[in-house]
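Colleague: Provided below: target.tsv, containing TSV, C-alpha atoms and all ligand atoms.
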chain	number	residue	atom	x	y	z
A	23	MET	CA	86.20	125.39	93.95
A	24	ALA	CA	89.61	125.69	92.40
A	25	GLN	CA	90.24	123.89	89.14
A	26	LYS	CA	92.09	120.63	89.38
A	27	ILE	CA	95.51	120.30	87.88
A	28	THR	CA	97.31	117.13	86.87
A	29	VAL	CA	101.06	116.68	87.11
A	30	SER	CA	102.30	113.96	84.75
A	31	VAL	CA	105.92	112.84	84.83
A	32	ILE	CA	106.61	110.44	81.97
A	33	LYS	CA	110.07	109.12	81.18
A	34	ALA	CA	111.89	106.88	78.76
A	35	ASP	CA	115.38	105.95	77.67
A	36	VAL	CA	115.41	106.24	73.89
A	37	GLY	CA	119.15	106.39	73.37
A	38	GLY	CA	122.21	106.96	75.56
A	39	PHE	CA	125.06	109.40	74.98
A	40	VAL	CA	127.67	107.89	75.39
A	41	GLY	CA	126.69	104.31	76.30
A	42	HIS	CA	124.26	104.46	79.23
A	43	SER	CA	125.57	107.67	80.80
A	44	ASP	CA	123.59	110.65	79.53
A	45	VAL	CA	121.02	112.06	77.08
A	46	HIS	CA	122.36	113.93	74.05
A	47	PRO	CA	121.30	117.62	74.07
A	48	ALA	CA	119.73	117.22	70.61
A	49	LEU	CA	117.15	114.83	72.11
A	50	LEU	CA	116.32	117.21	74.95
A	51	ASN	CA	115.94	120.05	72.43
A	52	ARG	CA	113.59	117.98	70.27
A	53	ALA	CA	111.50	117.12	73.33
A	54	ARG	CA	111.38	120.80	74.35
A	55	GLU	CA	110.13	121.79	70.89
A	56	LEU	CA	107.26	119.32	71.10
A	57	MET	CA	106.39	120.32	74.67
A	58	SER	CA	106.33	124.01	73.66
A	59	ALA	CA	104.03	123.22	70.74
A	60	ALA	CA	101.68	121.33	73.08
A	61	ILE	CA	101.58	124.33	75.43
A	62	GLU	CA	100.75	126.62	72.49
A	63	GLN	CA	97.96	124.28	71.39
A	64	GLY	CA	96.53	124.38	74.92
A	65	LEU	CA	97.02	120.65	75.54
A	66	LEU	CA	99.52	121.38	78.32
A	67	VAL	CA	99.53	124.19	80.84
A	68	ASP	CA	103.30	123.94	81.31
A	69	ALA	CA	106.20	121.54	80.84
A	70	TYR	CA	109.79	121.06	81.88
A	71	VAL	CA	112.18	118.68	80.11
A	72	THR	CA	115.19	117.24	81.89
A	73	HIS	CA	117.18	114.04	82.25
A	74	ALA	CA	118.53	111.68	84.88
A	75	GLY	CA	121.39	109.71	83.38
A	76	ASP	CA	120.22	108.26	80.05
A	77	ASP	CA	116.50	108.87	80.69
A	78	ILE	CA	114.48	111.76	79.28
A	79	ASN	CA	111.96	113.08	81.81
A	80	LEU	CA	108.91	115.01	80.66
A	81	ILE	CA	107.39	116.95	83.56
A	82	MET	CA	103.99	118.17	82.35
A	83	THR	CA	100.99	119.95	83.85
A	84	HIS	CA	97.49	119.90	82.32
A	85	ARG	CA	93.80	119.74	83.19
A	86	ARG	CA	92.88	116.37	81.68
A	87	GLY	CA	93.46	114.04	84.64
A	88	PRO	CA	95.74	110.99	84.91
A	89	ASP	CA	95.80	108.36	82.14
A	90	ASN	CA	94.56	110.82	79.55
A	91	PRO	CA	95.01	109.39	76.02
A	92	ASP	CA	95.98	112.77	74.50
A	93	ILE	CA	98.68	113.41	77.11
A	94	HIS	CA	100.03	109.88	76.79
A	95	GLN	CA	99.97	110.19	73.00
A	96	LEU	CA	101.96	113.42	73.29
A	97	ALA	CA	104.57	111.75	75.48
A	98	TRP	CA	104.74	108.75	73.16
A	99	ASP	CA	105.07	110.93	70.04
A	100	THR	CA	107.79	112.93	71.79
A	101	PHE	CA	109.78	109.78	72.57
A	102	VAL	CA	109.29	108.54	68.98
A	103	ALA	CA	110.58	111.88	67.67
A	104	CYS	CA	113.56	111.72	70.04
A	105	THR	CA	114.23	108.15	68.89
A	106	ALA	CA	114.53	109.42	65.31
A	107	VAL	CA	117.19	111.89	66.44
A	108	ALA	CA	118.91	109.14	68.46
A	109	LYS	CA	118.97	106.81	65.43
A	110	ASP	CA	120.43	109.54	63.26
A	111	LEU	CA	123.24	110.04	65.79
A	112	LYS	CA	123.51	106.25	66.28
A	113	LEU	CA	123.15	106.75	70.02
A	114	TYR	CA	123.28	103.70	72.23
A	115	GLY	CA	120.06	101.68	72.47
A	116	ALA	CA	118.04	104.09	70.32
A	117	GLY	CA	114.34	103.57	71.04
A	118	GLN	CA	115.05	100.86	73.62
A	119	ASP	CA	112.19	101.70	75.99
A	120	LEU	CA	109.54	101.85	73.25
A	121	LEU	CA	108.50	98.22	73.32
A	122	THR	CA	105.83	98.39	70.64
A	123	ASP	CA	105.41	100.02	67.23
A	124	ALA	CA	101.83	101.11	67.70
A	125	PHE	CA	100.56	103.35	70.47
A	126	SER	CA	97.21	102.25	71.89
A	127	GLY	CA	95.89	105.02	74.11
A	128	ASN	CA	97.85	104.53	77.32
A	129	ILE	CA	101.59	104.59	77.72
A	130	ARG	CA	101.58	102.22	80.71
A	131	GLY	CA	102.81	98.80	79.75
A	132	MET	CA	104.42	100.08	76.55
A	133	GLY	CA	107.85	100.76	78.01
A	134	PRO	CA	107.99	104.34	79.34
A	135	GLY	CA	107.42	104.97	83.06
A	136	ALA	CA	104.71	107.31	84.35
A	137	ALA	CA	103.81	108.93	87.65
A	138	GLU	CA	100.69	111.11	87.57
A	139	MET	CA	98.85	113.02	90.25
A	140	GLU	CA	95.66	115.10	90.12
A	141	LEU	CA	95.35	117.75	92.79
A	142	THR	CA	93.62	120.93	93.79
A	143	GLU	CA	96.33	123.52	94.25
A	144	ARG	CA	96.67	124.75	97.82
A	145	ASP	CA	97.49	128.41	98.58
A	146	SER	CA	101.08	127.36	98.02
A	147	GLU	CA	101.80	124.05	96.30
A	148	PRO	CA	105.44	122.91	96.57
A	149	ILE	CA	106.16	119.61	94.82
A	150	VAL	CA	109.33	117.58	94.37
A	151	VAL	CA	109.89	115.44	91.29
A	152	PHE	CA	112.33	112.60	91.91
A	153	MET	CA	113.99	110.86	88.99
A	154	ALA	CA	116.32	107.89	89.30
A	155	ASP	CA	118.69	106.12	86.93
A	156	LYS	CA	120.07	102.56	87.12
A	157	THR	CA	117.43	101.24	89.45
A	158	GLU	CA	113.88	99.88	89.76
A	159	PRO	CA	110.56	101.18	91.14
A	160	GLY	CA	111.03	99.60	94.58
A	161	ALA	CA	113.89	102.06	95.14
A	162	TRP	CA	111.25	104.54	96.38
A	163	ASN	CA	109.95	102.23	99.15
A	164	TRP	CA	112.60	103.11	101.69
A	165	PRO	CA	112.51	106.92	101.24
A	166	LEU	CA	108.68	107.00	101.05
A	167	TYR	CA	108.46	105.06	104.29
A	168	LYS	CA	110.95	107.44	105.92
A	169	MET	CA	109.09	110.55	104.66
A	170	PHE	CA	105.54	109.50	105.53
A	171	ALA	CA	105.85	106.97	108.37
A	172	ASP	CA	109.09	107.48	110.31
A	173	PRO	CA	109.03	110.16	113.04
A	174	PHE	CA	112.82	109.99	113.29
A	175	ASN	CA	112.89	111.36	109.73
A	176	THR	CA	109.75	113.48	109.69
A	177	ALA	CA	109.27	115.57	112.80
A	178	GLY	CA	105.87	116.68	111.50
A	179	LEU	CA	104.40	113.25	112.26
A	180	VAL	CA	104.93	114.07	115.94
A	181	ILE	CA	104.47	117.83	116.13
A	182	ASP	CA	102.13	118.85	113.28
A	183	PRO	CA	98.42	118.27	114.08
A	184	LYS	CA	97.70	117.99	110.32
A	185	MET	CA	100.05	115.00	110.04
A	186	HIS	CA	99.53	113.36	113.41
A	187	LYS	CA	96.92	110.86	112.13
A	188	GLY	CA	99.47	109.49	109.71
A	189	PHE	CA	99.30	108.40	106.09
A	190	ARG	CA	97.78	105.63	103.96
A	191	PHE	CA	100.07	103.56	101.72
A	192	GLU	CA	98.93	101.81	98.53
A	193	VAL	CA	101.29	98.92	97.78
A	194	HIS	CA	101.44	97.03	94.48
A	195	ASP	CA	102.57	93.44	94.02
A	196	LEU	CA	104.33	93.65	90.66
A	197	ILE	CA	104.55	89.88	90.21
A	198	ASP	CA	100.95	88.85	90.99
A	199	LYS	CA	99.50	92.22	89.85
A	200	LYS	CA	97.57	92.93	93.06
A	201	ARG	CA	97.24	95.93	95.36
A	202	VAL	CA	96.82	96.34	99.11
A	203	VAL	CA	96.37	99.40	101.34
A	204	PHE	CA	97.89	99.97	104.79
A	205	ASP	CA	97.33	102.66	107.40
A	206	ALA	CA	100.41	104.03	109.13
A	207	PRO	CA	101.29	104.11	111.95
A	208	GLU	CA	98.98	101.24	113.11
A	209	GLU	CA	100.01	98.80	110.38
A	210	ILE	CA	103.65	99.67	109.80
A	211	TYR	CA	104.88	96.19	110.71
A	212	ASP	CA	102.62	94.63	108.07
A	213	LEU	CA	103.59	97.34	105.60
A	214	LEU	CA	107.29	96.65	106.19
A	215	VAL	CA	106.85	92.92	105.57
A	216	LEU	CA	106.04	93.79	101.97
A	217	ILE	CA	107.94	96.96	101.12
A	218	GLY	CA	111.14	95.56	102.62
A	219	SER	CA	111.13	93.37	99.49
A	220	PRO	CA	111.32	96.11	96.86
A	221	GLY	CA	111.95	93.80	93.89
A	222	ARG	CA	108.34	92.67	94.16
A	223	PHE	CA	106.34	95.14	96.25
A	224	CYS	CA	106.27	98.86	95.48
A	225	ILE	CA	104.58	101.80	97.14
A	226	LYS	CA	102.39	103.23	94.37
A	227	SER	CA	100.89	106.15	96.27
A	228	VAL	CA	100.52	107.77	99.67
A	229	TYR	CA	97.46	109.65	101.00
A	230	SER	CA	96.90	111.88	104.01
A	231	ARG	CA	94.58	110.29	106.56
A	232	THR	CA	93.59	113.78	107.73
A	233	THR	CA	92.47	115.19	104.36
A	234	ASP	CA	92.42	112.07	102.08
A	235	GLU	CA	94.55	114.11	99.69
A	236	ILE	CA	97.24	112.45	97.64
A	237	GLY	CA	100.78	113.09	98.94
A	238	ALA	CA	102.97	110.99	96.65
A	239	VAL	CA	102.82	108.83	93.56
A	240	SER	CA	105.48	106.70	91.88
A	241	SER	CA	105.95	104.92	88.58
A	242	THR	CA	105.75	101.17	89.10
A	243	GLU	CA	106.34	99.79	85.63
A	244	ARG	CA	108.81	96.92	85.44
A	245	LEU	CA	110.20	96.78	81.93
A	246	SER	CA	111.33	93.19	82.24
A	247	MET	CA	107.83	92.12	83.31
A	248	ILE	CA	106.43	93.78	80.21
A	249	ALA	CA	108.99	92.59	77.72
A	250	GLY	CA	109.79	89.21	79.32
A	251	ARG	CA	113.47	89.88	78.88
A	252	TYR	CA	116.08	92.39	80.00
A	253	VAL	CA	115.54	95.58	78.02
A	254	GLY	CA	117.08	98.16	80.33
A	255	LYS	CA	116.28	99.22	83.86
A	256	ASP	CA	113.03	100.89	84.83
A	257	ASP	CA	114.64	104.01	86.26
A	258	PRO	CA	111.55	105.15	88.15
A	259	VAL	CA	110.11	108.60	88.84
A	260	MET	CA	108.04	109.93	91.73
A	261	ILE	CA	106.08	113.08	92.61
A	262	VAL	CA	105.83	114.21	96.25
A	263	ARG	CA	103.74	117.10	97.63
A	264	SER	CA	105.25	119.05	100.50
A	265	GLN	CA	104.36	121.37	103.41
A	266	SER	CA	100.95	122.15	104.99
A	267	GLY	CA	99.82	118.67	106.03
A	268	PHE	CA	102.58	116.91	104.11
A	269	PRO	CA	106.25	116.51	105.04
A	270	ALA	CA	108.32	119.72	104.81
A	271	ILE	CA	110.78	119.96	101.92
A	272	GLY	CA	113.61	119.10	104.30
A	273	GLU	CA	111.72	116.04	105.51
A	274	VAL	CA	111.06	114.96	101.92
A	275	LEU	CA	114.76	115.18	101.05
A	276	GLU	CA	116.18	113.86	104.33
A	277	PRO	CA	115.95	110.09	103.52
A	278	PHE	CA	118.44	110.58	100.68
A	279	ALA	CA	121.14	111.69	103.14
A	280	MET	CA	121.54	107.94	103.78
A	281	PRO	CA	122.24	106.22	100.45
A	282	HIS	CA	120.28	102.96	100.61
A	283	LEU	CA	121.10	99.96	98.48
A	284	VAL	CA	119.05	99.51	95.34
A	285	ALA	CA	119.03	97.01	92.48
A	286	GLY	CA	119.87	98.00	88.93
A	287	TRP	CA	123.49	98.97	88.65
A	288	MET	CA	125.50	97.62	85.63
A	289	ARG	CA	123.40	95.53	83.24
A	290	GLY	CA	120.53	95.82	85.71
A	291	SER	CA	122.25	93.02	87.61
A	292	HIS	CA	123.94	94.61	90.62
A	293	ASN	CA	123.06	96.26	93.90
A	294	GLY	CA	124.53	99.66	94.63
A	295	PRO	CA	123.97	102.78	96.72
A	296	LEU	CA	121.42	105.32	95.46
A	297	MET	CA	123.53	108.48	95.23
A	298	PRO	CA	121.73	111.86	95.43
A	299	VAL	CA	123.07	114.23	92.74
A	300	SER	CA	122.32	117.43	90.84
A	301	VAL	CA	121.17	117.17	87.22
A	302	ALA	CA	124.71	118.11	86.15
A	303	GLN	CA	126.08	115.16	88.14
A	304	ALA	CA	123.50	112.71	86.83
A	305	THR	CA	125.83	111.08	84.31
A	306	PRO	CA	126.64	107.62	85.69
A	307	THR	CA	130.07	106.43	84.54
A	308	ARG	CA	131.58	104.30	87.32
A	309	PHE	CA	130.65	100.72	86.33
A	310	ASP	CA	127.73	102.54	84.61
A	311	GLY	CA	126.75	103.90	88.01
A	312	PRO	CA	126.46	104.04	90.89
A	313	PRO	CA	122.65	104.49	90.71
A	314	ARG	CA	121.59	108.15	90.85
A	315	VAL	CA	118.64	110.14	92.09
A	316	VAL	CA	117.81	113.73	91.16
A	317	ALA	CA	115.25	115.90	93.00
A	318	LEU	CA	113.76	118.95	91.30
A	319	GLY	CA	111.46	121.23	93.30
A	320	PHE	CA	108.69	123.35	91.76
A	321	GLN	CA	106.04	125.70	93.08
A	322	LEU	CA	102.82	125.17	91.14
A	323	ALA	CA	101.09	128.43	90.24
A	324	GLY	CA	97.85	127.79	88.35
A	325	GLY	CA	99.59	124.80	86.82
A	326	ARG	CA	102.71	126.73	85.89
A	327	LEU	CA	105.90	125.00	86.98
A	328	VAL	CA	107.84	127.67	88.86
A	329	GLY	CA	111.35	126.28	89.11
A	330	PRO	CA	113.18	124.05	89.21
A	331	GLN	CA	115.20	124.06	92.36
A	332	ASP	CA	117.92	121.41	91.92
A	333	PHE	CA	117.88	120.23	95.54
A	334	PHE	CA	120.72	117.72	95.59
A	335	ALA	CA	123.14	120.33	94.24
A	336	ASP	CA	123.32	121.49	97.88
A	337	ILE	CA	126.62	120.80	99.65
A	338	ALA	CA	124.51	119.32	102.47
A	339	PHE	CA	124.40	116.14	100.33
A	340	ASP	CA	128.18	115.99	99.85
A	341	GLU	CA	128.55	113.57	102.77
A	342	ALA	CA	125.83	111.32	101.34
A	343	ARG	CA	127.73	111.25	98.06
A	344	ARG	CA	130.94	110.39	99.88
A	345	THR	CA	129.20	107.60	101.77
A	346	ALA	CA	127.72	106.31	98.51
A	347	LEU	CA	131.17	106.28	96.88
A	348	GLN	CA	132.65	104.39	99.83
A	349	MET	CA	129.83	101.87	99.57
A	350	ALA	CA	130.46	101.65	95.83
A	351	ASN	CA	134.15	100.93	96.39
A	352	TYR	CA	133.35	98.21	98.89
A	353	LEU	CA	130.69	96.53	96.75
A	354	ARG	CA	132.78	96.68	93.57
A	355	ARG	CA	135.47	94.60	95.25
A	356	LEU	CA	132.95	91.75	95.52
A	357	GLY	CA	132.84	91.59	91.71
A	358	PRO	CA	130.48	88.82	90.55
A	359	PHE	CA	129.57	87.75	94.10
A	360	GLU	CA	126.27	88.40	95.80
A	361	PRO	CA	125.08	90.65	97.36
A	362	HIS	CA	126.77	92.98	94.84
A	363	ARG	CA	125.42	90.82	92.03
A	364	LEU	CA	121.66	90.34	92.37
A	365	PRO	CA	120.35	87.02	93.74
A	366	LEU	CA	119.64	84.37	91.09
A	367	ASP	CA	115.85	84.78	91.00
A	368	GLU	CA	116.33	88.47	90.21
A	369	MET	CA	118.70	87.56	87.35
A	370	GLU	CA	115.91	85.73	85.53
A	371	TYR	CA	115.45	88.50	82.97
A	372	THR	CA	119.15	89.13	82.35
A	373	THR	CA	121.54	87.30	80.06
A	374	LEU	CA	122.61	84.93	82.87
A	375	PRO	CA	120.02	82.19	82.13
A	376	HIS	CA	121.66	81.67	78.71
A	377	VAL	CA	124.94	80.90	80.47
A	378	MET	CA	123.13	78.53	82.84
A	379	GLU	CA	121.52	76.73	79.87
A	380	ARG	CA	124.93	76.03	78.42
A	381	LEU	CA	126.05	74.46	81.73
A	382	GLU	CA	122.92	72.32	82.07
A	383	SER	CA	124.34	69.17	80.37
A	384	ARG	CA	127.44	69.18	82.56
A	385	PHE	CA	125.55	68.67	85.80
A	386	GLU	CA	125.59	65.17	87.34
A	387	PRO	CA	123.37	64.04	90.21
A	388	LEU	CA	125.01	63.88	93.64
A	389	GLN	CA	125.20	60.51	95.41
A	390	PRO	CA	122.11	60.29	97.63
A	391	ILE	CA	123.00	60.66	101.31
A	392	ARG	CA	121.97	57.84	103.65
A	393	THR	CA	118.92	58.93	105.53
A	394	GLU	CA	118.25	55.85	107.71
A	395	LEU	CA	119.73	56.17	111.17
B	401	MG	MG	118.41	104.76	82.52
Could you take the file, read its structure, and then write that structure out as structure tokens?
Ligand SMILES: [Mg+2]
Modeller:
Amino acid sequence: MAQKITVSVIKADVGGFVGHSDVHPALLNRARELMSAAIEQGLLVDAYVTHAGDDINLIMTHRRGPDNPDIHQLAWDTFVACTAVAKDLKLYGAGQDLLTDAFSGNIRGMGPGAAEMELTERDSEPIVVFMADKTEPGAWNWPLYKMFADPFNTAGLVIDPKMHKGFRFEVHDLIDKKRVVFDAPEEIYDLLVLIGSPGRFCIKSVYSRTTDEIGAVSSTERLSMIAGRYVGKDDPVMIVRSQSGFPAIGEVLEPFAMPHLVAGWMRGSHNGPLMPVSVAQATPTRFDGPPRVVALGFQLAGGRLVGPQDFFADIAFDEARRTALQMANYLRRLGPFEPHRLPLDEMEYTTLPHVMERLESRFEPLQPIRTEL
């Protein structure tokens, strides 16, 4: 029996360069030093450090399983060390995603986002790590549904016997803190009732119904739910396994050819298109956006991360970028009007309620309308 390997992708925004657009190279270098030291100590098998917009992404492999205190401590210490560099350079929002001073064993609920997956490496183990900026965890609902449940996206659901039974979706209710599991294709209508509302319901993980193996996992932290106030957008990450019983790489990437609308642009308060970009293009500037997604492919080899392949650098995504920019132009013209601005209940954790408080005393009751006929 092959040894199990865990892929942990843990991310945080601990200081933007400049504003909310990018990560300063000095922070990435500091993170790389600490990752290299952890590899030398044997804590990690391998690591890759990158960024999507203003978020640092630590892509790590190890043999300790998900939610391991030592791995989470390493990620936390790395973000603390990067925060020190960010403070020295007076970068924007230094340490903003570290919501507590004391680490307590698990990074979940402390600010950073985490997606972790334990697997037994197949003969060939291609994975794709998705990283988004200026959006929230529900942004993965639409592409995950397309990848694992829509035969118009994923031909394998129709023509590959190893996929024909479909996939199992674990959905989290981020408001009431509950989970529910659906089998696709039988229950896709029920599934869509929930995941079509991505501000509340998020697909946490997807499993093969043929092998019971995990196919995808996402980060589902909502910073505002943790902090009770707006402290930056969640900017989620996701790991997807590909080929041999899972969607092919092209089927995994295909949903992003249609930029769907996601929440999180500008002050976390606006909807915008999720634009697929290379790492080099992941520096949101237009109205601090539009929201971006990066996809890095790796082949796992005994836990080593062979890669990355920067998938959205391909010209095949040029049209998607053009569409996203047209959508951005259209939405920007709406200014402070919905549906560019988020609906009121989604603005609860922003600065808007303070404005509403100030208006409170100016409201007068309307004359009651006559109801008797
Ligand atoms: Mg960000």
Colleague: As JSON, please: the centre and edge lengths in Å, to one decimal, of an axis-aligned box enclosing every listed atom of stretch 295-312 of chain A with 3 Å added on each side.
Modeller:
{"center_x": 126.4, "center_y": 109.4, "center_z": 90.5, "size_x": 16.4, "size_y": 23.4, "size_z": 18.4}
Colleague: Mind dumping a table of every stretch 155-274 of chain A residue within 12 Å of stretch 298-305 of chain A, with the nearest atom pair and its distance in Å to one decimal, using all atoms listed in the file, sorted by chain and rising number, as CSV?
Modeller:
residue,atom,partner,partner_atom,distance
A:Asp155,CA,A:Ala304,CA,8.2
A:Lys156,CA,A:Thr305,CA,10.7
A:Pro165,CA,A:Pro298,CA,12.0
Colleague: Would you kindly identify which residues have an atom no farther than 12 Å from (108.4, 123.2, 72.9), using all atoms listed in the file and the file's own coordinates, and write them out as a ChimeraX atom specification?
Modeller: /A:50-63,65-71,80,82,96,100
Colleague: Return the single residue from A:Leu141, A:Leu213, A:Ile32, A:Ile78 that is closest to ligand MG 401 (chain B), with distances computed using all atoms listed in the file.
Modeller: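 Checking each candidate against ligand MG 401 (chain B), we get A:Ile78 as the closest.
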Colleague: Set the cut-off to 12 Å, count only C-alpha atoms and all ligand atoms, and list whatever residues fall near ligand MG 401 (chain B) as a PyMOL selection string.
Modeller: chain A and resi 33-39+41-45+73-79+114-115+118-119+134-135+153-158+245+253-259+286-290+304-307+310-315
Colleague: Would you mind telling me which residue in A:Gly324, A:Pro330, A:Arg344, A:Asp110 lies nearest to A:Gln25 when using all atoms listed in the file?
Modeller: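 Using all atoms listed in the file, A:Gln25 sits closest to A:Gly324.
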Colleague: Determine, counting all atoms listed in the file, which protein, DNA and RNA residues have an atom within 9 Å of an atom of stretch 270-285 of chain A; residues of the same chain fewer than 4 positions away are not included. Present the result as an NGL selection string.
Modeller: :A and (148-150 or 156-158 or 160-161 or 164-166 or 168-170 or 175-178 or 220-221 or 262-266 or 290-298 or 313 or 315 or 317 or 319 or 333-334 or 338-343 or 345-346 or 349 or 363-364)
Colleague: Filtering to C-alpha atoms, could you give me those residues as a PDB file, in the frame of the given file?
Modeller:
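See selection.pdb below for the written result:
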ATOM      1  CA  PRO A 148     105.440 122.910  96.570  1.00  0.00           C
ATOM      2  CA  ILE A 149     106.160 119.610  94.820  1.00  0.00           C
ATOM      3  CA  VAL A 150     109.330 117.580  94.370  1.00  0.00           C
ATOM      4  CA  LYS A 156     120.070 102.560  87.120  1.00  0.00           C
ATOM      5  CA  THR A 157     117.430 101.240  89.450  1.00  0.00           C
ATOM      6  CA  GLU A 158     113.880  99.880  89.760  1.00  0.00           C
ATOM      7  CA  GLY A 160     111.030  99.600  94.580  1.00  0.00           C
ATOM      8  CA  ALA A 161     113.890 102.060  95.140  1.00  0.00           C
ATOM      9  CA  TRP A 164     112.600 103.110 101.690  1.00  0.00           C
ATOM     10  CA  PRO A 165     112.510 106.920 101.240  1.00  0.00           C
ATOM     11  CA  LEU A 166     108.680 107.000 101.050  1.00  0.00           C
ATOM     12  CA  LYS A 168     110.950 107.440 105.920  1.00  0.00           C
ATOM     13  CA  MET A 169     109.090 110.550 104.660  1.00  0.00           C
ATOM     14  CA  PHE A 170     105.540 109.500 105.530  1.00  0.00           C
ATOM     15  CA  ASN A 175     112.890 111.360 109.730  1.00  0.00           C
ATOM     16  CA  THR A 176     109.750 113.480 109.690  1.00  0.00           C
ATOM     17  CA  ALA A 177     109.270 115.570 112.800  1.00  0.00           C
ATOM     18  CA  GLY A 178     105.870 116.680 111.500  1.00  0.00           C
ATOM     19  CA  PRO A 220     111.320  96.110  96.860  1.00  0.00           C
ATOM     20  CA  GLY A 221     111.950  93.800  93.890  1.00  0.00           C
ATOM     21  CA  VAL A 262     105.830 114.210  96.250  1.00  0.00           C
ATOM     22  CA  ARG A 263     103.740 117.100  97.630  1.00  0.00           C
ATOM     23  CA  SER A 264     105.250 119.050 100.500  1.00  0.00           C
ATOM     24  CA  GLN A 265     104.360 121.370 103.410  1.00  0.00           C
ATOM     25  CA  SER A 266     100.950 122.150 104.990  1.00  0.00           C
ATOM     26  CA  GLY A 290     120.530  95.820  85.710  1.00  0.00           C
ATOM     27  CA  SER A 291     122.250  93.020  87.610  1.00  0.00           C
ATOM     28  CA  HIS A 292     123.940  94.610  90.620  1.00  0.00           C
ATOM     29  CA  ASN A 293     123.060  96.260  93.900  1.00  0.00           C
ATOM     30  CA  GLY A 294     124.530  99.660  94.630  1.00  0.00           C
ATOM     31  CA  PRO A 295     123.970 102.780  96.720  1.00  0.00           C
ATOM     32  CA  LEU A 296     121.420 105.320  95.460  1.00  0.00           C
ATOM     33  CA  MET A 297     123.530 108.480  95.230  1.00  0.00           C
ATOM     34  CA  PRO A 298     121.730 111.860  95.430  1.00  0.00           C
ATOM     35  CA  PRO A 313     122.650 104.490  90.710  1.00  0.00           C
ATOM     36  CA  VAL A 315     118.640 110.140  92.090  1.00  0.00           C
ATOM     37  CA  ALA A 317     115.250 115.900  93.000  1.00  0.00           C
ATOM     38  CA  GLY A 319     111.460 121.230  93.300  1.00  0.00           C
ATOM     39  CA  PHE A 333     117.880 120.230  95.540  1.00  0.00           C
ATOM     40  CA  PHE A 334     120.720 117.720  95.590  1.00  0.00           C
ATOM     41  CA  ALA A 338     124.510 119.320 102.470  1.00  0.00           C
ATOM     42  CA  PHE A 339     124.400 116.140 100.330  1.00  0.00           C
ATOM     43  CA  ASP A 340     128.180 115.990  99.850  1.00  0.00           C
ATOM     44  CA  GLU A 341     128.550 113.570 102.770  1.00  0.00           C
ATOM     45  CA  ALA A 342     125.830 111.320 101.340  1.00  0.00           C
ATOM     46  CA  ARG A 343     127.730 111.250  98.060  1.00  0.00           C
ATOM     47  CA  THR A 345     129.200 107.600 101.770  1.00  0.00           C
ATOM     48  CA  ALA A 346     127.720 106.310  98.510  1.00  0.00           C
ATOM     49  CA  MET A 349     129.830 101.870  99.570  1.00  0.00           C
ATOM     50  CA  ARG A 363     125.420  90.820  92.030  1.00  0.00           C
ATOM     51  CA  LEU A 364     121.660  90.340  92.370  1.00  0.00           C
TER      52      LEU A 364
END
Colleague: Just the residues within 12 Å of A:Glu140, please, counting all atoms listed in the file, with nothing from its chain fewer than 4 positions along; format it as a ChimeraX atom specification.
Modeller: /A:25-31,82-90,235-239,261-263,325
Colleague: Neighbouring residues of A:Gly127 were defined as those with any atom within 10 Å, considering all atoms listed in the file; residues of the same chain fewer than 5 positions away were excluded. Please report them as a list in words.
Modeller: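 Skipping anything fewer than 5 positions along the chain leaves Asp89, Asn90, Pro91, Asp92, Ile93, His94, Gln95 and Trp98 of chain A.
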Colleague: Keeping C-alpha atoms for every residue in the selection just given, could you write it to a file as a compact mmCIF listing (two decimals), keeping the file's coordinate frame?
Modeller:
# COMPACT_ATOMS: atom_id res chain seq x y z
CA ASP A 89 95.80 108.36 82.14
CA ASN A 90 94.56 110.82 79.55
CA PRO A 91 95.01 109.39 76.02
CA ASP A 92 95.98 112.77 74.50
CA ILE A 93 98.68 113.41 77.11
CA HIS A 94 100.03 109.88 76.79
CA GLN A 95 99.97 110.19 73.00
CA TRP A 98 104.74 108.75 73.16
Colleague: So how far away is atom CA of A:Asp234 from atom CA of A:Leu179, in Å?
Modeller: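 Atom CA of A:Asp234 lies 15.8 Å from atom CA of A:Leu179.
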Colleague: Write out as a CSV table (one decimal) with C-alpha atoms, in the coordinates of the input each polymer residue whose atoms come within 12 Å of A:Val215, counting all atoms listed in the file; drop sequence neighbours fewer than 5 positions from it.
Modeller:
chain,number,residue,atom,x,y,z
A,163,ASN,CA,110.0,102.2,99.2
A,193,VAL,CA,101.3,98.9,97.8
A,204,PHE,CA,97.9,100.0,104.8
A,209,GLU,CA,100.0,98.8,110.4
A,210,ILE,CA,103.6,99.7,109.8
A,220,PRO,CA,111.3,96.1,96.9
A,222,ARG,CA,108.3,92.7,94.2
A,223,PHE,CA,106.3,95.1,96.2
A,224,CYS,CA,106.3,98.9,95.5
